[in-house]
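Engineer: start.tsv is the file, holding TSV, C-alpha atoms and all ligand atoms:
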```
chain	number	residue	atom	x	y	z
V	184	MET	CA	94.39	142.01	136.01
V	185	SER	CA	94.08	138.38	137.12
V	186	GLY	CA	91.04	138.41	139.36
V	187	LYS	CA	92.91	139.02	142.60
V	188	GLU	CA	92.22	142.75	142.73
V	189	SER	CA	88.95	144.67	142.44
V	190	PHE	CA	88.32	146.37	139.11
V	191	LEU	CA	85.55	148.22	137.30
V	192	ASN	CA	84.34	147.20	133.88
V	193	LYS	CA	81.69	148.55	131.55
V	194	VAL	CA	79.75	146.74	128.84
V	195	ASN	CA	78.48	148.51	125.77
V	196	PHE	CA	74.92	147.16	125.41
V	197	LYS	CA	74.92	147.87	121.65
V	198	THR	CA	78.24	146.23	120.70
V	199	GLY	CA	78.91	143.84	123.61
V	200	GLU	CA	82.42	145.29	124.04
V	201	LEU	CA	83.97	145.48	127.50
V	202	SER	CA	86.02	148.53	128.48
V	203	VAL	CA	88.47	146.15	130.19
V	204	CYS	CA	88.85	143.12	127.95
V	205	GLY	CA	91.53	140.41	128.09
V	206	SER	CA	90.33	138.32	125.16
V	207	HIS	CA	88.02	138.99	122.25
V	208	ASN	CA	87.31	135.91	120.12
V	209	LYS	CA	85.44	135.70	116.84
V	210	THR	CA	83.82	132.53	115.49
V	211	TYR	CA	83.03	132.35	111.77
V	212	LEU	CA	80.90	129.85	109.88
V	213	SER	CA	84.06	128.02	108.72
V	214	ASP	CA	84.94	127.37	112.40
V	215	ILE	CA	81.62	125.61	113.12
V	216	LYS	CA	80.55	124.49	109.67
V	217	ASP	CA	79.94	120.89	110.73
V	218	LEU	CA	77.44	121.89	113.42
V	219	PHE	CA	74.64	123.25	111.21
V	220	ARG	CA	72.21	120.64	109.89
V	221	ASP	CA	71.69	121.99	106.36
V	222	LYS	CA	74.97	120.96	104.70
V	223	ASP	CA	74.05	122.37	101.25
V	224	GLU	CA	73.37	125.79	102.76
V	225	VAL	CA	76.64	125.66	104.73
V	226	TYR	CA	78.52	124.98	101.51
V	227	LYS	CA	76.81	127.92	99.73
V	228	ARG	CA	77.45	130.37	102.58
V	229	LEU	CA	81.10	129.43	103.12
V	230	LYS	CA	82.21	131.80	100.31
V	231	GLU	CA	80.80	134.69	102.32
V	232	ASN	CA	81.86	133.04	105.63
V	233	PRO	CA	79.69	135.15	107.99
V	234	LEU	CA	80.77	136.05	111.50
V	235	ILE	CA	78.49	133.97	113.77
V	236	TYR	CA	79.42	135.02	117.32
V	237	GLU	CA	81.97	136.87	119.45
V	238	THR	CA	83.03	136.56	123.08
V	239	PHE	CA	84.58	139.19	125.34
V	240	TYR	CA	86.28	138.14	128.58
V	241	PRO	CA	88.40	139.98	131.14
V	242	ASP	CA	91.58	138.22	132.36
V	243	ILE	CA	90.42	136.28	135.40
V	244	LYS	CA	92.58	133.28	136.11
V	245	GLU	CA	91.24	129.78	136.80
V	246	ASN	CA	90.62	129.71	140.52
V	247	GLY	CA	87.87	127.83	142.30
V	248	ASN	CA	87.27	130.75	144.64
V	249	TYR	CA	86.86	133.35	141.90
V	250	VAL	CA	83.87	134.50	139.87
V	251	PHE	CA	84.35	134.41	136.12
V	252	TYR	CA	82.29	136.52	133.74
V	253	GLY	CA	82.08	137.65	130.14
V	254	ILE	CA	79.89	138.73	127.29
V	255	THR	CA	78.67	136.71	124.32
V	256	LYS	CA	77.33	138.41	121.20
V	257	ILE	CA	75.60	136.29	118.56
V	258	HIS	CA	74.96	137.98	115.24
V	259	PRO	CA	71.55	137.69	113.57
V	260	GLY	CA	71.21	135.23	110.71
V	261	LYS	CA	70.35	131.70	109.65
V	262	ILE	CA	71.91	128.78	107.82
V	263	GLY	CA	68.89	127.41	105.99
V	264	LYS	CA	66.19	127.36	108.66
V	265	GLU	CA	68.58	127.12	111.61
V	266	PHE	CA	69.52	130.28	113.49
V	267	PHE	CA	73.11	131.39	114.17
V	268	MET	CA	74.32	129.83	117.42
V	269	THR	CA	77.20	129.09	119.76
V	270	LYS	CA	78.87	125.66	119.64
V	271	GLY	CA	77.36	124.34	122.86
V	272	HIS	CA	79.21	122.63	125.68
V	273	LEU	CA	79.16	120.99	129.09
V	274	HIS	CA	81.20	122.27	132.02
V	275	ILE	CA	83.82	120.08	133.63
V	276	PRO	CA	83.39	119.59	136.56
V	277	GLU	CA	79.69	119.15	135.83
V	278	GLN	CA	78.75	120.82	139.13
V	279	ILE	CA	79.85	124.20	137.78
V	280	THR	CA	76.59	125.97	137.01
V	281	GLU	CA	76.22	129.23	135.11
V	282	ALA	CA	73.91	132.25	134.79
V	283	TYR	CA	73.07	134.20	131.62
V	284	LEU	CA	71.61	137.71	131.84
V	285	CYS	CA	70.24	138.84	128.48
V	286	LEU	CA	71.15	142.47	127.75
V	287	SER	CA	69.75	142.95	124.26
V	288	GLY	CA	68.22	141.01	121.39
V	289	LYS	CA	66.20	137.82	121.46
V	290	GLY	CA	67.51	134.30	121.92
V	291	MET	CA	66.72	130.72	122.70
V	292	LEU	CA	68.76	128.65	125.17
V	293	LEU	CA	68.90	124.99	124.16
V	294	GLU	CA	69.81	122.58	126.94
V	295	GLN	CA	70.23	118.83	126.91
V	296	LYS	CA	70.46	116.60	129.93
V	297	ASP	CA	69.77	112.85	130.22
V	298	ASN	CA	68.63	112.77	126.57
V	299	THR	CA	65.97	115.40	127.23
V	300	VAL	CA	66.06	118.81	125.56
V	301	GLN	CA	64.65	122.06	126.82
V	302	LYS	CA	64.30	125.42	125.05
V	303	THR	CA	64.05	128.64	127.06
V	304	LEU	CA	63.50	132.14	125.73
V	305	MET	CA	66.07	134.89	126.30
V	306	GLU	CA	65.11	138.57	126.04
V	307	PRO	CA	66.38	141.73	127.78
V	308	GLY	CA	66.14	141.17	131.52
V	309	THR	CA	65.78	137.37	131.54
V	310	ILE	CA	68.23	135.44	133.71
V	311	ASN	CA	68.74	131.82	132.65
V	312	TYR	CA	70.31	129.56	135.22
V	313	VAL	CA	72.09	126.60	133.64
V	314	GLY	CA	72.11	123.77	136.16
V	315	GLU	CA	74.50	120.86	136.69
V	316	SER	CA	75.37	118.43	133.88
V	317	SER	CA	73.50	120.46	131.26
V	318	PHE	CA	74.86	120.82	127.72
V	319	HIS	CA	73.99	124.36	126.68
V	320	ARG	CA	73.92	126.28	123.40
V	321	VAL	CA	72.39	129.66	122.57
V	322	TYR	CA	70.65	130.71	119.33
V	323	ASN	CA	69.91	134.24	118.15
V	324	ILE	CA	66.26	134.05	117.04
V	325	GLY	CA	65.86	137.80	116.39
V	326	ASN	CA	66.88	140.36	113.79
V	327	GLU	CA	69.50	142.19	115.85
V	328	PRO	CA	72.59	141.05	117.78
V	329	LEU	CA	71.86	138.95	120.86
V	330	ILE	CA	74.10	140.14	123.70
V	331	PHE	CA	74.21	138.39	127.07
V	332	TYR	CA	76.33	138.47	130.22
V	333	ILE	CA	77.59	135.13	131.53
V	334	SER	CA	78.91	134.33	134.98
V	335	CYS	CA	80.13	131.18	136.70
V	336	ASN	CA	82.90	129.78	138.88
V	337	ALA	CA	86.32	130.58	137.42
V	338	ASP	CA	87.70	127.03	137.50
V	339	PHE	CA	86.17	124.90	134.77
V	340	GLU	CA	86.80	123.53	131.29
V	341	HIS	CA	84.54	123.36	128.26
V	342	ASP	CA	83.61	119.85	127.12
V	343	TYR	CA	82.49	119.78	123.47
V	344	SER	CA	82.34	115.97	123.17
V	345	LEU	CA	78.59	115.90	122.50
V	346	LEU	CA	79.23	117.70	119.21
V	347	GLU	CA	81.39	114.83	117.96
V	348	ASN	CA	78.89	112.22	119.11
V	349	GLY	CA	75.83	113.09	117.05
V	350	GLY	CA	75.29	116.56	118.48
V	351	PHE	CA	72.22	117.91	120.22
V	352	LEU	CA	68.99	115.91	119.80
V	353	ASP	CA	67.21	119.04	118.61
V	354	VAL	CA	68.03	122.43	117.07
V	355	VAL	CA	66.31	125.83	116.93
V	356	THR	CA	64.88	126.88	113.56
V	357	VAL	CA	62.27	129.26	112.15
V	358	ASP	CA	59.74	126.47	112.82
V	359	ASP	CA	60.20	127.12	116.57
V	360	LEU	CA	58.78	130.65	116.31
H	401	LIG	O1	80.42	129.75	129.21
H	401	LIG	C1	79.51	129.98	128.40
H	401	LIG	O2	78.49	129.28	128.36
H	401	LIG	C2	79.69	131.09	127.37
H	401	LIG	O3	80.63	132.02	127.74
H	401	LIG	C3	80.11	130.41	126.10
H	401	LIG	O4	81.43	129.93	126.20
H	401	LIG	C4	79.97	131.25	124.91
H	401	LIG	O5	78.63	131.66	124.81
H	401	LIG	C5	80.40	130.46	123.66
H	401	LIG	O6	79.86	129.17	123.71
H	401	LIG	P1	80.59	127.93	123.05
H	401	LIG	O7	81.95	127.85	123.64
H	401	LIG	O8	79.72	126.74	123.37
H	401	LIG	O9	80.60	128.19	121.59
H	402	NI	NI	78.88	127.50	129.66
```
Can you turn what I pasted into structure tokens?
Structural biologist:
Amino acid sequence: MSGKESFLNKVNFKTGELSVCGSHNKTYLSDIKDLFRDKDEVYKRLKENPLIYETFYPDIKENGNYVFYGITKIHPGKIGKEFFMTKGHLHIPEQITEAYLCLSGKGMLLEQKDNTVQKTLMEPGTINYVGESSFHRVYNIGNEPLIFYISCNADFEHDYSLLENGGFLDVVTVDDL
């Protein structure tokens, strides 16, 4: 499978698994420990090192004419007051937009563009369109796994530079509920 030929896939709405999956990646607290704001809590929780999120992608090669898709599953939990989250990134080229269809759970999409942040709710059935030049990160604000389908053009790279330059201007915590 490379994206050239038609194929059928099936997502398990409870686990996020794809029946046809090329890569399954797991991100633990130790992988993103510098991104949470409460450093004391990070230090305490590192012994346990919880699984924060997983991604499931079929093998679709980078090609500007192809559609890329996948599933992200964020586990429920918090580090201090801040909910478990993805890293957050910008697409390069910045014109590559993206759509998220929430399948199960409850989330909050955090976007930052031109030093302005926006928070948008995700719940089963919502479709979030992430526009051009928008840094985007997703938080699980519920008590069960947040599972969402993502789709965009198949020829882009992730730019994580914002995370090394002070990070997002805002985060999502229990105070947002
Ligand atoms: O392209 C997307 O926005 C998603 O597939 C993300 O890559 C996924 O949710 C993980 O996000 P990140 O790479 O910012 O940790
Ligand atoms: Ni993205």
Engineer: Rounded to one decimal, what separation in Å do you get between atom CA of V:Glu340 and atom CA of V:Pro276?
Structural biologist: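 According to the coordinates, atom CA of V:Glu340 and atom CA of V:Pro276 are separated by 7.4 Å.
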Engineer: List every residue of stretch 229-327 of chain V that has an atom at most 8 Å from any atom of stretch 349-353 of chain V, and for each one report the closest atom pair and its distance in Å to one decimal, counting all atoms listed in the file, with rows sorted by chain and then by increasing residue number, as a tab-separated table.
Structural biologist:
```
residue	atom	partner	partner_atom	distance
V:Gln295	CA	V:Phe351	CA	7.0
V:Asn298	CA	V:Leu352	CA	7.5
V:Val300	CA	V:Asp353	CA	7.0
```
Engineer: Determine, for each residue of chain V having at least one atom at most 7 Å from an atom of ligand NI 402 (chain H), the closest pair of atoms and their separation in Å to one decimal, counting all atoms listed in the file; order by chain and ascending number, as a tab-separated table.
Structural biologist:
```
residue	atom	partner	partner_atom	distance
V:His272	CA	H:NI402	NI	6.3
V:Leu273	CA	H:NI402	NI	6.5
V:His274	CA	H:NI402	NI	6.2
V:Glu281	CA	H:NI402	NI	6.3
V:His319	CA	H:NI402	NI	6.5
```
Engineer: Restricting the calculation to only C-alpha atoms, which member of V:Leu229, V:Leu212, V:Ile310, V:Ala282 is positioned closest to V:Phe266?
Structural biologist: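 When distances to V:Phe266 are compared using only C-alpha atoms, the smallest one comes from V:Leu212.
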Engineer: Let me see if you get this right: every residue at most 6 Å from ligand LIG 401 (chain H), counting all atoms listed in the file, written as JSON, numbers by chain.
Structural biologist: {"V": [255, 269, 270, 271, 272, 320, 333]}
Engineer: If I take atom CA of V:Gln278 and atom CA of V:Asp338, how far is one from the other in Å, to one decimal?
Structural biologist: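 These two atoms are separated by 11.0 Å.
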